[in-house]
Amino acid sequence: MKRSNYLDWDTYFMSVAFLTSQRSKDPVTQVGACIVNPEKKIVGVGYNGMPTGCNDDQLPWGREGETMCETKYAFVCHAEMNAVLNKNSADVKGCTIYVSLFPCNECTKIIIQGGISKIVYFSKKNSDSPSHKASVRMLELAGVSFRQFIPKEDKFVIDFNVYPDVKYEAIETEEKENSAGTSSTDGC
């Protein structure tokens, strides 16, 4: 008999977005995004962080400063932008994007221009902001559907001890690869 407590698609893809958000170095808000095509294949992931090639130790991570250039807002690329720009497919037309935080107006433009047709979000933290209102207006005008993800459980835990017989050893990858030539078929 097959397992009955496996993850449904929404939980799986939102979990990927949340896991991806853990790559963010932002000290306040970690956001993740996961783009999925109509065949339920992941075609892009992203998290909020500094642009590629920019040393994130030399740019501000704070929310406040005397000028915008003294805050993270002038520099940080949002999760949605990174997911679209770093996609592993020709395009994202007709795809669904799972995001941990409802997209800002700038990311909404990228989502619409990319051809993404659905947004599944977890939190609408700034729903009274002008950015949020602009996002909703553009999404409605463009016909992009959006809905909140409602989890069935409060938490999902990744347990690396699921295989108790696995021993953690420091093995040199090159040494292991050089001992190739031995394979096990176990009658399969």
# chains A, B, ... in the order shown; residues from 1 in each chain; ligands from 1

$ residues_around --residues "segment 113-121 of chain A" --least-positions-apart "6" --cutoff "7 Å" --atoms "only C-alpha atoms" --output "PyMOL selection string"
chain A and resi 92-102+144-149

$ select_by_dssp --residues "segment 63-171 of chain A" --states "strand (DSSP E or B)" --output "list in words"
Cys77, Thr96, Ile97, Tyr98, Val99, Ser100, Leu101, Lys118, Ile119, Val120, Tyr121, Phe122, Ser123, Ser145, Phe146, Arg147 and Gln148 of chain A

$ write_last_selection --atoms "N, CA and C atoms" --output "CSV table (one decimal), in the first residue's frame"
chain,number,residue,atom,x,y,z
A,77,CYS,N,18.1,42.5,-4.7
A,77,CYS,CA,17.3,41.9,-5.7
A,77,CYS,C,16.3,41.0,-5.0
A,96,THR,N,3.3,29.0,-12.6
A,96,THR,CA,2.9,29.5,-11.3
A,96,THR,C,4.1,29.8,-10.4
A,97,ILE,N,4.0,30.9,-9.7
A,97,ILE,CA,5.1,31.3,-8.8
A,97,ILE,C,4.6,31.2,-7.4
A,98,TYR,N,5.3,30.4,-6.6
A,98,TYR,CA,5.1,30.3,-5.1
A,98,TYR,C,6.0,31.3,-4.4
A,99,VAL,N,5.5,32.1,-3.6
A,99,VAL,CA,6.3,33.1,-2.9
A,99,VAL,C,6.0,33.2,-1.4
A,100,SER,N,7.0,33.4,-0.6
A,100,SER,CA,6.7,33.4,0.9
A,100,SER,C,6.1,34.8,1.3
A,101,LEU,N,6.3,35.8,0.4
A,101,LEU,CA,5.7,37.1,0.7
A,101,LEU,C,5.1,37.7,-0.6
A,118,LYS,N,-0.1,32.6,-12.5
A,118,LYS,CA,-0.7,32.4,-11.1
A,118,LYS,C,0.4,32.7,-10.1
A,119,ILE,N,-0.1,33.3,-9.0
A,119,ILE,CA,0.8,33.6,-7.8
A,119,ILE,C,0.1,32.9,-6.6
A,120,VAL,N,0.9,32.1,-5.9
A,120,VAL,CA,0.5,31.5,-4.7
A,120,VAL,C,1.4,32.1,-3.6
A,121,TYR,N,0.9,32.9,-2.7
A,121,TYR,CA,1.7,33.6,-1.7
A,121,TYR,C,1.4,33.1,-0.3
A,122,PHE,N,2.3,33.2,0.6
A,122,PHE,CA,2.0,32.8,2.0
A,122,PHE,C,1.6,34.0,2.9
A,123,SER,N,2.3,35.1,2.8
A,123,SER,CA,2.0,36.3,3.7
A,123,SER,C,1.8,37.5,2.8
A,145,SER,N,-3.9,35.4,-11.8
A,145,SER,CA,-4.7,35.1,-10.6
A,145,SER,C,-3.7,35.0,-9.4
A,146,PHE,N,-4.2,35.2,-8.2
A,146,PHE,CA,-3.4,35.1,-7.0
A,146,PHE,C,-4.3,34.6,-5.9
A,147,ARG,N,-3.6,33.7,-5.0
A,147,ARG,CA,-4.3,33.2,-3.8
A,147,ARG,C,-3.3,32.9,-2.7
A,148,GLN,N,-3.9,32.9,-1.5
A,148,GLN,CA,-3.0,32.7,-0.4
A,148,GLN,C,-2.9,31.2,-0.2

$ select_by_dssp --residues "segment 53-183 of chain A" --states "helix (DSSP H, G or I)" --output "VMD selection string"
chain A and resid 68 to 70 72 to 74 79 to 85 105 to 114 130 to 142 173 to 178

$ decode --residues "segment 1-26 of chain A" --atoms "N, CA and C atoms" --output "compact mmCIF listing (two decimals), in the first residue's frame"
# COMPACT_ATOMS: atom_id res chain seq x y z
N MET A 1 0.83 -1.19 0.00
CA MET A 1 0.00 0.00 0.00
C MET A 1 0.87 1.25 0.00
N LYS A 2 0.50 2.25 -0.78
CA LYS A 2 1.31 3.46 -0.81
C LYS A 2 1.07 4.33 0.42
N ARG A 3 2.04 5.17 0.71
CA ARG A 3 1.95 6.11 1.82
C ARG A 3 0.81 7.08 1.58
N SER A 4 0.11 7.47 2.61
CA SER A 4 -0.99 8.42 2.45
C SER A 4 -0.66 9.82 2.95
N ASN A 5 0.42 9.97 3.71
CA ASN A 5 0.74 11.28 4.31
C ASN A 5 1.86 12.01 3.55
N TYR A 6 1.89 11.84 2.23
CA TYR A 6 2.88 12.54 1.43
C TYR A 6 2.44 13.99 1.21
N LEU A 7 3.38 14.84 0.80
CA LEU A 7 3.10 16.27 0.60
C LEU A 7 2.25 16.49 -0.64
N ASP A 8 1.25 17.36 -0.52
CA ASP A 8 0.51 17.78 -1.72
C ASP A 8 1.38 18.79 -2.46
N TRP A 9 1.02 19.06 -3.73
CA TRP A 9 1.85 19.94 -4.56
C TRP A 9 2.03 21.32 -3.96
N ASP A 10 0.96 21.94 -3.48
CA ASP A 10 1.08 23.28 -2.91
C ASP A 10 2.06 23.31 -1.74
N THR A 11 1.94 22.36 -0.85
CA THR A 11 2.83 22.31 0.31
C THR A 11 4.27 22.08 -0.14
N TYR A 12 4.46 21.20 -1.11
CA TYR A 12 5.79 20.92 -1.61
C TYR A 12 6.44 22.17 -2.20
N PHE A 13 5.74 22.85 -3.11
CA PHE A 13 6.33 24.01 -3.77
C PHE A 13 6.51 25.19 -2.82
N MET A 14 5.57 25.39 -1.90
CA MET A 14 5.75 26.47 -0.92
C MET A 14 6.92 26.13 0.01
N SER A 15 7.09 24.86 0.34
CA SER A 15 8.23 24.44 1.17
C SER A 15 9.55 24.72 0.45
N VAL A 16 9.58 24.51 -0.87
CA VAL A 16 10.79 24.83 -1.64
C VAL A 16 11.06 26.33 -1.57
N ALA A 17 10.01 27.14 -1.68
CA ALA A 17 10.17 28.60 -1.57
C ALA A 17 10.73 28.97 -0.19
N PHE A 18 10.18 28.37 0.86
CA PHE A 18 10.66 28.66 2.22
C PHE A 18 12.09 28.18 2.42
N LEU A 19 12.41 26.99 1.92
CA LEU A 19 13.78 26.49 2.04
C LEU A 19 14.75 27.39 1.29
N THR A 20 14.37 27.83 0.10
CA THR A 20 15.21 28.72 -0.69
C THR A 20 15.42 30.05 0.03
N SER A 21 14.42 30.52 0.74
CA SER A 21 14.55 31.79 1.47
C SER A 21 15.65 31.74 2.51
N GLN A 22 16.00 30.55 2.95
CA GLN A 22 17.04 30.40 3.97
C GLN A 22 18.44 30.69 3.43
N ARG A 23 18.57 30.88 2.11
CA ARG A 23 19.84 31.30 1.52
C ARG A 23 20.05 32.82 1.66
N SER A 24 18.96 33.54 1.96
CA SER A 24 19.05 34.99 2.06
C SER A 24 19.88 35.41 3.27
N LYS A 25 20.70 36.44 3.08
CA LYS A 25 21.51 36.98 4.17
C LYS A 25 20.86 38.20 4.81
N ASP A 26 19.66 38.54 4.36
CA ASP A 26 18.94 39.69 4.92
C ASP A 26 18.66 39.41 6.40
